[in-house]
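Below is data-v5.csv, which holds CSV, C-alpha atoms.
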```csv
chain,number,residue,atom,x,y,z
A,870,MET,CA,-12.4,-9.5,26.1
A,871,SER,CA,-8.6,-9.5,25.5
A,872,THR,CA,-6.3,-9.6,22.6
A,873,LEU,CA,-3.9,-12.5,22.2
A,874,VAL,CA,-0.4,-11.6,21.1
A,875,VAL,CA,1.0,-14.9,20.0
A,876,CYS,CA,4.6,-15.5,19.0
A,877,LEU,CA,5.0,-18.5,16.7
A,878,ASP,CA,7.9,-20.8,16.9
A,879,ARG,CA,8.8,-23.9,14.9
A,880,GLY,CA,12.1,-25.4,16.1
A,881,GLU,CA,14.1,-26.8,19.0
A,882,THR,CA,15.0,-23.6,20.8
A,883,VAL,CA,11.8,-23.1,22.9
A,884,ALA,CA,11.5,-26.8,23.6
A,885,ALA,CA,15.1,-26.9,24.9
A,886,VAL,CA,14.8,-23.9,27.3
A,887,ALA,CA,11.1,-23.8,28.4
A,888,ASP,CA,9.7,-26.0,31.1
A,889,GLU,CA,6.3,-26.2,29.4
A,890,VAL,CA,4.5,-24.7,26.4
A,891,PRO,CA,2.7,-22.5,25.7
A,892,VAL,CA,4.7,-19.8,27.5
A,893,VAL,CA,2.1,-17.4,28.8
A,894,GLY,CA,2.6,-14.0,30.4
A,895,GLU,CA,4.9,-11.1,30.0
A,896,ARG,CA,7.3,-12.2,32.8
A,897,ALA,CA,7.5,-15.7,31.5
A,898,VAL,CA,8.2,-14.5,27.9
A,899,ARG,CA,10.9,-12.1,29.2
A,900,SER,CA,12.6,-15.0,31.0
A,901,LEU,CA,12.3,-17.0,27.8
A,902,VAL,CA,14.0,-14.3,25.8
A,903,THR,CA,17.0,-14.5,28.1
A,904,GLU,CA,17.2,-18.3,28.0
A,905,ALA,CA,16.6,-18.5,24.3
A,906,GLY,CA,19.2,-15.8,23.6
A,907,LEU,CA,21.8,-17.7,25.7
A,908,HIS,CA,21.0,-21.0,24.0
A,909,ASP,CA,21.2,-19.7,20.4
A,910,PRO,CA,22.4,-16.1,20.1
A,911,GLU,CA,22.2,-16.1,16.3
A,912,SER,CA,18.5,-17.1,16.2
A,913,SER,CA,16.0,-14.6,14.9
A,914,ARG,CA,13.3,-16.1,17.2
A,915,THR,CA,14.7,-14.0,20.2
A,916,ASN,CA,13.8,-10.9,18.2
A,917,CYS,CA,10.4,-12.4,17.5
A,918,PHE,CA,9.7,-12.8,21.2
A,919,LEU,CA,10.9,-9.2,21.8
A,920,GLU,CA,8.6,-8.0,19.1
A,921,GLY,CA,5.7,-9.8,20.9
A,922,LEU,CA,6.5,-8.0,24.1
A,923,ARG,CA,6.6,-4.6,22.3
A,924,VAL,CA,3.3,-5.2,20.6
A,925,ALA,CA,1.7,-6.1,24.0
A,926,ARG,CA,3.1,-3.0,25.5
A,927,ASP,CA,1.7,-0.8,22.7
A,928,LEU,CA,-1.7,-2.5,23.1
A,929,ARG,CA,-1.6,-1.9,26.9
A,930,GLU,CA,-0.9,1.8,26.3
A,931,THR,CA,-4.1,2.1,24.3
A,932,GLY,CA,-6.2,0.7,27.2
A,933,GLU,CA,-6.4,-2.9,26.2
A,934,ASP,CA,-5.5,-5.9,28.3
A,935,PRO,CA,-3.4,-8.1,26.0
A,936,VAL,CA,-2.3,-11.7,26.7
A,937,VAL,CA,1.2,-12.4,25.4
A,938,ALA,CA,2.2,-16.0,24.7
A,939,VAL,CA,4.7,-18.1,22.8
A,940,VAL,CA,3.5,-21.3,21.1
A,941,SER,CA,6.0,-23.8,19.7
A,942,GLY,CA,6.3,-27.0,17.7
A,943,ALA,CA,9.5,-29.1,18.1
A,944,ASP,CA,10.2,-29.6,14.4
A,945,ASP,CA,8.9,-29.0,10.8
A,946,SER,CA,6.5,-31.9,10.7
A,947,VAL,CA,2.7,-32.0,10.7
A,948,ASP,CA,2.8,-33.2,14.4
A,949,ALA,CA,4.5,-29.9,15.2
A,950,ASP,CA,1.7,-27.9,13.6
A,951,ARG,CA,-0.8,-30.0,15.5
A,952,ALA,CA,1.1,-29.2,18.7
A,953,VAL,CA,0.8,-25.5,18.0
A,954,ALA,CA,-2.9,-25.9,17.3
A,955,ARG,CA,-3.4,-27.6,20.7
A,956,GLN,CA,-1.5,-24.9,22.4
A,957,VAL,CA,-3.6,-22.2,20.8
A,958,ASP,CA,-6.8,-24.1,21.8
A,959,GLU,CA,-5.5,-24.1,25.4
A,960,LEU,CA,-4.9,-20.4,25.3
A,961,LEU,CA,-8.4,-19.7,24.0
A,962,ALA,CA,-9.9,-22.0,26.6
A,963,ALA,CA,-8.0,-20.4,29.5
A,964,HIS,CA,-8.5,-16.7,28.5
A,965,ASP,CA,-11.5,-14.7,27.2
A,966,ILE,CA,-9.9,-13.9,23.8
A,967,ASP,CA,-11.7,-11.8,21.2
A,968,SER,CA,-9.0,-11.3,18.6
A,969,SER,CA,-5.3,-11.9,18.1
A,970,VAL,CA,-2.1,-10.4,16.7
A,971,VAL,CA,0.4,-12.9,15.3
A,972,VAL,CA,4.1,-12.2,15.6
A,973,THR,CA,6.4,-14.4,13.5
A,974,ASP,CA,9.7,-14.4,11.7
A,975,SER,CA,9.8,-15.4,8.0
A,976,ALA,CA,10.6,-19.0,8.8
A,977,ASP,CA,7.4,-19.6,10.7
A,978,GLU,CA,4.8,-17.8,8.6
A,979,GLY,CA,3.3,-21.2,7.6
A,980,LEU,CA,1.8,-21.4,11.1
A,981,VAL,CA,-0.3,-18.3,10.7
A,982,HIS,CA,-3.2,-20.3,9.2
A,983,VAL,CA,-3.3,-22.4,12.4
A,984,VAL,CA,-4.2,-19.3,14.4
A,985,GLU,CA,-6.5,-17.9,11.8
A,986,SER,CA,-8.6,-21.1,11.8
A,987,ARG,CA,-9.3,-20.6,15.6
A,988,VAL,CA,-9.6,-16.9,16.3
A,989,ARG,CA,-9.8,-13.7,14.4
A,990,VAL,CA,-6.4,-12.3,13.4
A,991,ASP,CA,-6.3,-8.5,13.4
A,992,GLY,CA,-2.7,-8.2,12.3
A,993,VAL,CA,0.5,-10.1,11.5
A,994,SER,CA,3.9,-8.6,12.5
A,995,ARG,CA,6.8,-10.1,10.6
A,996,VAL,CA,10.2,-9.7,12.2
A,997,VAL,CA,13.2,-9.3,9.9
A,998,VAL,CA,16.6,-8.9,11.6
A,999,ARG,CA,18.2,-5.7,10.3
A,1000,GLN,CA,21.5,-7.3,9.4
A,1001,SER,CA,19.8,-9.8,7.1
A,1002,ARG,CA,16.9,-7.6,5.9
A,1003,ASP,CA,18.2,-7.3,2.3
A,1004,LEU,CA,18.8,-11.0,2.1
A,1005,GLU,CA,15.4,-12.0,3.5
A,1006,SER,CA,13.6,-9.4,1.4
A,1007,THR,CA,15.3,-10.8,-1.7
A,1008,TYR,CA,14.2,-14.2,-0.7
A,1009,HIS,CA,10.6,-13.1,-0.4
A,1010,TYR,CA,10.7,-11.2,-3.7
A,1011,LEU,CA,12.0,-14.4,-5.4
A,1012,LYS,CA,9.3,-16.4,-3.7
A,1013,GLN,CA,6.5,-14.1,-5.0
A,1014,PHE,CA,8.1,-14.1,-8.4
A,1015,LEU,CA,8.1,-17.9,-8.6
A,1016,ASP,CA,4.4,-17.9,-7.5
A,1017,ASP,CA,3.4,-15.6,-10.3
A,1018,GLU,CA,2.6,-17.8,-13.3
A,1019,GLU,CA,2.7,-15.0,-15.9
A,1020,LEU,CA,6.2,-13.8,-14.7
A,1021,ARG,CA,7.5,-17.4,-14.8
A,1022,GLN,CA,6.4,-17.8,-18.4
A,1023,THR,CA,7.8,-14.5,-19.4
A,1024,VAL,CA,11.2,-14.8,-17.8
A,1025,LEU,CA,12.0,-18.4,-16.9
A,1026,VAL,CA,10.7,-20.0,-20.1
A,1027,PRO,CA,12.9,-18.0,-22.5
A,1028,ILE,CA,15.9,-18.6,-20.3
A,1029,GLY,CA,15.2,-22.3,-20.3
A,1030,ILE,CA,14.8,-22.4,-24.0
A,1031,ALA,CA,18.1,-20.4,-24.5
A,1032,LEU,CA,19.9,-22.9,-22.2
A,1033,LEU,CA,18.6,-25.8,-24.2
A,1034,VAL,CA,19.2,-24.3,-27.7
A,1035,ALA,CA,22.8,-23.1,-26.9
A,1036,PRO,CA,24.5,-26.5,-26.8
A,1037,VAL,CA,22.5,-27.6,-29.9
A,1038,LEU,CA,23.8,-24.6,-31.8
A,1039,VAL,CA,27.4,-25.3,-30.6
A,1040,VAL,CA,27.2,-28.8,-32.0
A,1041,LEU,CA,25.6,-27.7,-35.3
A,1042,ALA,CA,27.7,-24.6,-35.9
A,1043,ARG,CA,30.8,-26.0,-34.3
A,1044,SER,CA,31.4,-22.6,-32.8
A,1045,ALA,CA,30.6,-21.4,-29.4
A,1046,ALA,CA,30.7,-17.8,-30.6
A,1047,VAL,CA,28.0,-18.3,-33.2
A,1048,ALA,CA,25.8,-20.1,-30.6
A,1049,VAL,CA,26.2,-17.3,-28.1
A,1050,ALA,CA,25.5,-14.7,-30.8
A,1051,VAL,CA,22.4,-16.4,-32.0
A,1052,VAL,CA,21.0,-16.9,-28.5
A,1053,ALA,CA,21.9,-13.4,-27.4
A,1054,ALA,CA,20.2,-12.0,-30.6
A,1055,VAL,CA,17.0,-14.0,-30.1
A,1056,THR,CA,16.9,-13.2,-26.4
A,1057,GLY,CA,17.4,-9.5,-27.1
A,1058,LEU,CA,14.6,-9.5,-29.7
A,1059,PHE,CA,12.3,-11.2,-27.1
A,1060,LEU,CA,13.1,-8.6,-24.4
A,1061,LEU,CA,12.5,-5.8,-26.8
A,1062,TYR,CA,9.3,-7.4,-27.9
A,1063,LYS,CA,8.0,-7.6,-24.3
A,1064,GLY,CA,9.6,-4.4,-23.2
A,1065,PHE,CA,8.0,-2.2,-25.8
A,1066,GLY,CA,4.7,-4.0,-25.4
A,1067,VAL,CA,4.6,-5.2,-29.0
A,1068,ASP,CA,2.5,-8.1,-28.0
A,1069,ASP,CA,-0.1,-5.8,-26.5
A,1070,ALA,CA,0.0,-3.6,-29.6
A,1071,PHE,CA,-0.6,-6.7,-31.8
A,1072,GLY,CA,-3.4,-7.8,-29.6
A,1073,ALA,CA,-5.1,-4.4,-29.8
A,1074,ILE,CA,-4.7,-4.4,-33.6
A,1075,ALA,CA,-6.2,-7.9,-33.8
A,1076,ARG,CA,-9.1,-6.9,-31.6
A,1077,GLY,CA,-9.7,-3.8,-33.7
A,1078,LEU,CA,-9.6,-5.8,-37.0
A,1079,ARG,CA,-12.0,-8.4,-35.6
A,1080,GLY,CA,-14.4,-5.7,-34.4
A,1081,GLY,CA,-14.0,-3.9,-37.8
A,1082,PHE,CA,-14.9,-7.1,-39.7
A,1083,TYR,CA,-17.9,-7.7,-37.6
A,1084,THR,CA,-19.2,-4.1,-37.7
A,1085,GLY,CA,-18.3,-3.3,-41.3
A,1086,ARG,CA,-16.0,-0.4,-40.7
A,1087,VAL,CA,-14.6,1.5,-43.7
A,1088,SER,CA,-11.3,1.9,-41.9
A,1089,VAL,CA,-10.6,-1.8,-42.2
A,1090,VAL,CA,-10.6,-1.6,-46.0
A,1091,THR,CA,-8.8,1.7,-46.1
A,1092,GLY,CA,-6.2,0.3,-43.6
A,1093,VAL,CA,-5.5,-2.7,-45.9
A,1094,ILE,CA,-5.1,-0.3,-48.9
A,1095,ALA,CA,-2.8,1.9,-46.8
A,1096,VAL,CA,-0.6,-1.0,-45.9
A,1097,GLY,CA,-0.3,-2.0,-49.5
A,1098,LEU,CA,0.5,1.6,-50.6
A,1099,ALA,CA,3.1,1.9,-47.9
A,1100,LEU,CA,4.8,-1.3,-49.0
A,1101,VAL,CA,4.8,0.0,-52.6
A,1102,GLY,CA,6.4,3.2,-51.3
A,1103,VAL,CA,9.1,1.3,-49.5
A,1104,VAL,CA,9.9,-0.8,-52.5
A,1105,ALA,CA,9.9,2.2,-54.8
A,1106,GLY,CA,12.2,4.1,-52.4
A,1107,GLY,CA,14.6,1.1,-52.2
A,1108,ILE,CA,14.7,0.8,-56.0
A,1109,ASN,CA,15.4,4.5,-56.4
A,1110,ALA,CA,18.1,4.6,-53.7
A,1111,SER,CA,19.9,1.3,-54.4
A,1112,PRO,CA,22.0,2.6,-57.4
A,1113,LEU,CA,23.3,5.4,-55.2
A,1114,ALA,CA,24.2,3.2,-52.2
A,1115,ARG,CA,27.8,2.5,-53.3
A,1116,THR,CA,28.6,5.8,-55.0
A,1117,ALA,CA,26.8,8.6,-53.1
A,1118,SER,CA,26.9,9.7,-49.5
A,1119,PRO,CA,24.4,8.2,-46.9
A,1120,LEU,CA,22.5,11.5,-46.8
A,1121,VAL,CA,22.0,11.5,-50.6
A,1122,THR,CA,20.9,7.9,-50.5
A,1123,VAL,CA,18.3,8.6,-47.8
A,1124,MET,CA,17.0,11.6,-49.8
A,1125,ALA,CA,16.7,9.4,-52.9
A,1126,PHE,CA,14.7,6.9,-50.9
A,1127,LEU,CA,12.4,9.6,-49.5
A,1128,PHE,CA,11.9,11.3,-52.9
A,1129,ALA,CA,10.5,8.2,-54.4
A,1130,SER,CA,8.7,6.8,-51.4
A,1131,VAL,CA,7.0,9.9,-49.9
A,1132,PRO,CA,4.2,10.2,-52.5
A,1133,TRP,CA,3.2,6.6,-51.8
A,1134,LEU,CA,3.5,6.9,-48.1
A,1135,ALA,CA,1.5,10.1,-48.0
A,1136,THR,CA,-1.2,8.5,-50.1
A,1137,ALA,CA,-1.3,5.6,-47.6
A,1138,ALA,CA,-1.6,8.0,-44.7
A,1139,LEU,CA,-4.3,10.0,-46.5
A,1140,THR,CA,-6.2,6.8,-47.3
A,1141,ALA,CA,-6.1,5.5,-43.7
A,1142,SER,CA,-7.1,8.9,-42.2
A,1143,ILE,CA,-10.0,9.2,-44.6
A,1144,GLY,CA,-11.3,5.8,-43.5
A,1145,LEU,CA,-11.1,6.8,-39.9
A,1146,ALA,CA,-13.0,10.0,-40.5
A,1147,ALA,CA,-15.6,8.1,-42.5
A,1148,ASP,CA,-16.1,5.7,-39.6
A,1149,GLU,CA,-16.6,8.6,-37.2
A,1150,TRP,CA,-19.1,10.2,-39.5
A,1151,LEU,CA,-21.1,7.0,-40.1
A,1152,ALA,CA,-21.2,6.3,-36.3
A,1153,ASN,CA,-21.9,9.7,-34.9
A,1154,ASP,CA,-23.0,11.9,-37.9
A,1155,ARG,CA,-20.1,14.2,-37.1
A,1156,VAL,CA,-16.3,14.1,-37.3
A,1157,ARG,CA,-13.9,15.4,-34.7
A,1158,THR,CA,-11.6,18.3,-35.6
A,1159,SER,CA,-8.5,16.2,-35.2
A,1160,ALA,CA,-9.7,13.5,-37.5
A,1161,LEU,CA,-10.6,16.1,-40.2
A,1162,ASN,CA,-7.2,17.8,-39.9
A,1163,LEU,CA,-5.2,14.5,-40.1
A,1164,PRO,CA,-5.4,14.1,-44.0
A,1165,PHE,CA,-4.3,17.7,-44.6
A,1166,VAL,CA,-1.4,17.2,-42.2
A,1167,ALA,CA,-0.3,14.1,-44.0
A,1168,VAL,CA,-0.3,15.9,-47.4
A,1169,ALA,CA,1.5,19.0,-45.9
A,1170,VAL,CA,4.3,16.9,-44.4
A,1171,ALA,CA,4.7,14.9,-47.6
A,1172,LEU,CA,5.1,18.1,-49.6
A,1173,VAL,CA,7.7,19.5,-47.3
A,1174,VAL,CA,9.7,16.3,-47.1
A,1175,ARG,CA,9.6,15.8,-50.9
A,1176,GLY,CA,10.7,19.4,-51.4
A,1177,PHE,CA,13.7,19.0,-49.2
A,1178,ALA,CA,14.6,15.6,-50.8
A,1179,ALA,CA,14.4,17.2,-54.2
A,1180,TYR,CA,16.6,20.1,-53.1
A,1181,PHE,CA,19.4,17.8,-51.8
A,1182,LEU,CA,19.3,15.5,-54.8
A,1183,GLU,CA,19.5,18.5,-57.2
A,1184,ARG,CA,22.4,20.0,-55.2
A,1185,ALA,CA,24.2,16.7,-55.3
A,1186,GLY,CA,23.7,16.5,-59.1
A,1187,VAL,CA,21.6,13.4,-59.0
A,1188,THR,CA,18.5,15.1,-60.5
A,1189,ALA,CA,18.4,17.9,-63.1
A,1190,PRO,CA,16.7,21.2,-62.4
A,1191,LEU,CA,12.9,21.3,-63.0
A,1192,GLN,CA,12.2,22.5,-66.6
A,1193,VAL,CA,9.0,24.4,-67.3
A,1194,PRO,CA,8.1,24.0,-71.0
A,1195,ALA,CA,7.0,26.9,-73.2
A,1196,LEU,CA,3.3,27.7,-73.1
A,1197,SER,CA,1.2,29.6,-75.6
A,1198,LEU,CA,-2.4,30.6,-74.7
A,1199,GLY,CA,-3.7,32.9,-77.4
A,1200,VAL,CA,-2.0,36.2,-77.2
A,1201,ILE,CA,-0.2,35.1,-74.1
A,1202,SER,CA,3.0,33.0,-74.5
A,1203,VAL,CA,5.5,31.9,-71.9
A,1204,ARG,CA,9.0,30.9,-72.8
A,1205,GLY,CA,10.4,27.7,-71.2
A,1206,PHE,CA,12.6,28.2,-68.2
A,1207,ALA,CA,14.4,26.2,-65.4
A,1208,VAL,CA,13.3,26.4,-61.8
A,1209,THR,CA,16.2,26.6,-59.4
A,1210,ALA,CA,16.6,24.3,-56.4
A,1211,ASP,CA,15.9,27.2,-54.0
A,1212,THR,CA,12.8,28.3,-55.7
A,1213,ARG,CA,11.6,24.7,-56.0
A,1214,LEU,CA,12.1,24.1,-52.2
A,1215,LEU,CA,10.3,27.4,-51.4
A,1216,GLY,CA,7.4,26.3,-53.6
A,1217,PHE,CA,7.0,23.0,-51.8
A,1218,VAL,CA,7.3,24.6,-48.3
A,1219,LEU,CA,4.7,27.2,-49.2
A,1220,ALA,CA,2.4,24.5,-50.6
A,1221,GLY,CA,2.7,22.6,-47.4
A,1222,VAL,CA,1.9,25.6,-45.2
A,1223,LEU,CA,-1.1,26.4,-47.5
A,1224,VAL,CA,-2.4,22.9,-47.2
A,1225,THR,CA,-2.0,23.1,-43.4
A,1226,PHE,CA,-4.0,26.3,-43.2
A,1227,VAL,CA,-6.7,24.9,-45.4
A,1228,GLY,CA,-7.0,21.9,-43.2
A,1229,VAL,CA,-7.3,24.0,-40.1
A,1230,GLY,CA,-10.0,26.1,-41.7
A,1231,VAL,CA,-12.0,23.0,-42.9
A,1232,ALA,CA,-11.7,21.3,-39.5
A,1233,ALA,CA,-12.7,24.5,-37.7
A,1234,ARG,CA,-15.8,24.9,-39.8
A,1235,ILE,CA,-17.2,21.4,-40.0
A,1236,GLY,CA,-15.4,19.5,-37.2
A,1237,THR,CA,-16.4,18.7,-33.7
A,1238,GLY,CA,-13.9,19.4,-30.9
A,1239,ILE,CA,-13.6,17.2,-27.8
A,1240,ALA,CA,-15.1,20.0,-25.7
A,1241,ASP,CA,-18.1,20.3,-28.0
A,1242,GLU,CA,-19.0,16.6,-27.7
A,1243,PRO,CA,-22.2,16.2,-25.6
A,1244,SER,CA,-21.7,14.7,-22.2
A,1245,GLU,CA,-24.1,12.4,-20.4
A,1246,GLN,CA,-26.1,14.2,-17.8
A,1247,PRO,CA,-27.6,12.3,-14.9
A,1248,GLU,CA,-31.4,12.1,-15.0
```
Let me see the file written as structure tokens.
Amino acid sequence: MSTLVVCLDRGETVAAVADEVPVVGERAVRSLVTEAGLHDPESSRTNCFLEGLRVARDLRETGEDPVVAVVSGADDSVDADRAVARQVDELLAAHDIDSSVVVTDSADEGLVHVVESRVRVDGVSRVVVRQSRDLESTYHYLKQFLDDEELRQTVLVPIGIALLVAPVLVVLARSAAVAVAVVAAVTGLFLLYKGFGVDDAFGAIARGLRGGFYTGRVSVVTGVIAVGLALVGVVAGGINASPLARTASPLVTVMAFLFASVPWLATAALTASIGLAADEWLANDRVRTSALNLPFVAVAVALVVRGFAAYFLERAGVTAPLQVPALSLGVISVRGFAVTADTRLLGFVLAGVLVTFVGVGVAARIGTGIADEPSEQPE
């Protein structure tokens, strides 16, 4: 049994220089290389024939007895493909062929299926001329890109929409600059939307909500409550910071926003984390250490951020120092006094650290670490 090393050709070169096709045998192919090179020195088919000779030499060195041949069709029509099929049939009838190796340049890859339909193909060697490798590689990448439906919809559809919308905006706005700005902004938003995987994130959220509704998860309700509290916090922060936007520095404005919004945002995070912990407990009768520690971390961060916000606002003269009223408990009486900004900040920071340590202790006592979770053992 032999291996057929077949070089595919679709064009006029072989038909013009060869007496008959297929061209069979190493000596005949070597002669064809010379004649084809003289006929068309710029053709890549000469390199294809040389690659066929090299493949046959490598097979011979491994102990095989290859048959090298060149099959050719005169043009790009269906009749040319049928001519190639007839030539392959002649080769299979004249030689005891077990398998084949196809050698082709990029222009003739469409003929590979003709050989595959008649004999087993163990490999395909695609010849790319070194001087045009980058150009031909780019062509093949573009071809694969256009064959991918998802990539076409992701890239070509937005570009097409932008090209259609741009002239409409030019007519309506009577300004090419406005049209370019709008198209660029929308295209940029779309690229960021796809680049950051926002669509995947929205899909995961939608799947999670759907599953939560079907299974009755507590986190669905607490998540909705958390979103509402977060919105309230953002609005409260905006209302508190808006009077300072024109008169105070940007830092003071941001601190005013945080001072009013942090309690609401912390409550939202606390509510959502409690819902997640409750879901774990209902599903597994235990809660992971990380899930138990999350509510304490949210409260601790909120205390520290609010403390720094209050400190900057007091230093800027936006808020007055904290006044502790006079207290009287029986024989014990405390006169009213003012808490300085430094003392107030220190109290918030210490409170945040204390809450963090409490959370670590609670999580360590009743939480379940990842390493403690039972693993499935094979029966």
- How many Å lie between CA of Val940 (chain A) and CA of Asp927 (chain A), rounded to one decimal? 20.6 Å
- Residue with smallest distance to Val970 (chain A) - pool A:Thr1212, A:Thr882, A:Ser994, A:Asn916, counting only C-alpha atoms: A:Ser994
- Item | 8 Å contact set for region 1024-1040 of chain A, all atoms listed in the file, chain neighbours under 4 positions out, as number ranges by chain | A: 1020, 1044-1045, 1047-1049, 1052, 1056
- Message: Can you tell me which residues surround Ser1111 (chain A) at a distance of at most 10 Å, considering only C-alpha atoms, apart from same-chain residues fewer than 5 positions away, and format the answer as JSON, numbers by chain?
- Response: {"A": [1106, 1116, 1122, 1123, 1125, 1126]}
- Message: List the spatial neighbours of Val924 (chain A) as number ranges by chain - criterion: any atom at most 9 Å away, only C-alpha atoms, same-chain residues fewer than 3 positions off excluded.
- Response: A: 874, 919-921, 927-929, 937, 970, 972, 994
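The smallest atom-to-atom distance between Leu1219 (chain A) and any of A:Leu1139, A:Leu1182, A:Val1231, A:Val1170, using only C-alpha atoms, is found for A:Val1170.
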- Message: Just to confirm, what's the straight-line distance from CA of Val1090 (chain A) to CA of Thr1136 (chain A) in Å (one decimal)?
- Response: 14.4 Å
- Query: Using only C-alpha atoms, which of the listed residues (A:Leu1191, A:Ala1169, A:Leu960, A:Val1087) sits closest to Phe1217 (chain A)?
  - Reply: A:Ala1169
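We find CA of His964 (chain A) and CA of Val875 (chain A) to be spaced 12.9 Å apart.
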- Note on the structure: Of A:Val1166, A:Leu1098, A:Val1187, A:Val886, the one sitting nearest Pro1132 (chain A) when using only C-alpha atoms is A:Leu1098
- Kindly indicate which residue among A:Ala963, A:Val1093, A:Ala1185, A:Leu877 lies nearest to Ala943 (chain A), using all atoms listed in the file for the distances. A:Leu877
Find the residues near Ala1178 (chain A): any atom within 7 Å, counting all atoms listed in the file, skip ones fewer than 2 places away on the same chain, and give them as a PDB file with C-alpha atoms, in the coordinates of the input.
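around_35.pdb, freshly written:
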```
ATOM      1  CA  MET A1124      17.000  11.600 -49.800  1.00  0.00           C
ATOM      2  CA  ALA A1125      16.700   9.400 -52.900  1.00  0.00           C
ATOM      3  CA  LEU A1127      12.400   9.600 -49.500  1.00  0.00           C
ATOM      4  CA  PHE A1128      11.900  11.300 -52.900  1.00  0.00           C
ATOM      5  CA  VAL A1174       9.700  16.300 -47.100  1.00  0.00           C
ATOM      6  CA  ARG A1175       9.600  15.800 -50.900  1.00  0.00           C
ATOM      7  CA  GLY A1176      10.700  19.400 -51.400  1.00  0.00           C
ATOM      8  CA  TYR A1180      16.600  20.100 -53.100  1.00  0.00           C
ATOM      9  CA  PHE A1181      19.400  17.800 -51.800  1.00  0.00           C
ATOM     10  CA  LEU A1182      19.300  15.500 -54.800  1.00  0.00           C
TER      11      LEU A1182
END
```
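The nearest approach to Glu1183 (chain A) among the residues A:Glu889, A:Asp958, A:Asp967, A:Asp1211, with all atoms listed in the file taken into account, belongs to A:Asp1211.
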- Compute the distance from (4.8, -1.6, -46.2) to each atom, counting all atoms listed in the file, keep the residues with any atom at most 12 Å away, and return them as a ChimeraX atom specification; use the coordinates of the file. /A:1092-1107,1130,1133-1134,1137-1138
Using the partial input, fill out region 895-909 of chain A with N, CA and C atoms; write the result as a tab-separated table (two decimals), keeping the file's coordinate frame.
```
chain	number	residue	atom	x	y	z
A	895	GLU	N	3.81	-11.91	30.38
A	895	GLU	CA	4.90	-11.10	30.00
A	895	GLU	C	6.20	-11.46	30.78
A	896	ARG	N	6.09	-11.79	32.04
A	896	ARG	CA	7.30	-12.20	32.80
A	896	ARG	C	7.87	-13.46	32.30
A	897	ALA	N	7.02	-14.43	31.99
A	897	ALA	CA	7.50	-15.70	31.50
A	897	ALA	C	8.19	-15.53	30.12
A	898	VAL	N	7.63	-14.66	29.26
A	898	VAL	CA	8.20	-14.50	27.90
A	898	VAL	C	9.55	-13.72	28.07
A	899	ARG	N	9.65	-12.74	29.01
A	899	ARG	CA	10.90	-12.10	29.20
A	899	ARG	C	12.01	-13.07	29.65
A	900	SER	N	11.64	-13.98	30.54
A	900	SER	CA	12.60	-15.00	31.00
A	900	SER	C	12.99	-15.90	29.79
A	901	LEU	N	11.99	-16.21	28.94
A	901	LEU	CA	12.30	-17.00	27.80
A	901	LEU	C	13.23	-16.34	26.80
A	902	VAL	N	13.08	-15.03	26.66
A	902	VAL	CA	14.00	-14.30	25.80
A	902	VAL	C	15.43	-14.45	26.23
A	903	THR	N	15.66	-14.36	27.54
A	903	THR	CA	17.00	-14.50	28.10
A	903	THR	C	17.56	-15.90	27.82
A	904	GLU	N	16.74	-16.91	28.17
A	904	GLU	CA	17.20	-18.30	28.00
A	904	GLU	C	17.41	-18.65	26.56
A	905	ALA	N	16.49	-18.23	25.68
A	905	ALA	CA	16.60	-18.50	24.30
A	905	ALA	C	17.82	-17.82	23.65
A	906	GLY	N	18.08	-16.57	24.09
A	906	GLY	CA	19.20	-15.80	23.60
A	906	GLY	C	20.53	-16.49	23.98
A	907	LEU	N	20.59	-16.99	25.23
A	907	LEU	CA	21.80	-17.70	25.70
A	907	LEU	C	21.98	-19.02	24.97
A	908	HIS	N	20.87	-19.68	24.67
A	908	HIS	CA	21.00	-21.00	24.00
A	908	HIS	C	21.40	-20.87	22.56
A	909	ASP	N	20.85	-19.85	21.84
A	909	ASP	CA	21.20	-19.70	20.40
A	909	ASP	C	21.22	-18.19	20.12
```
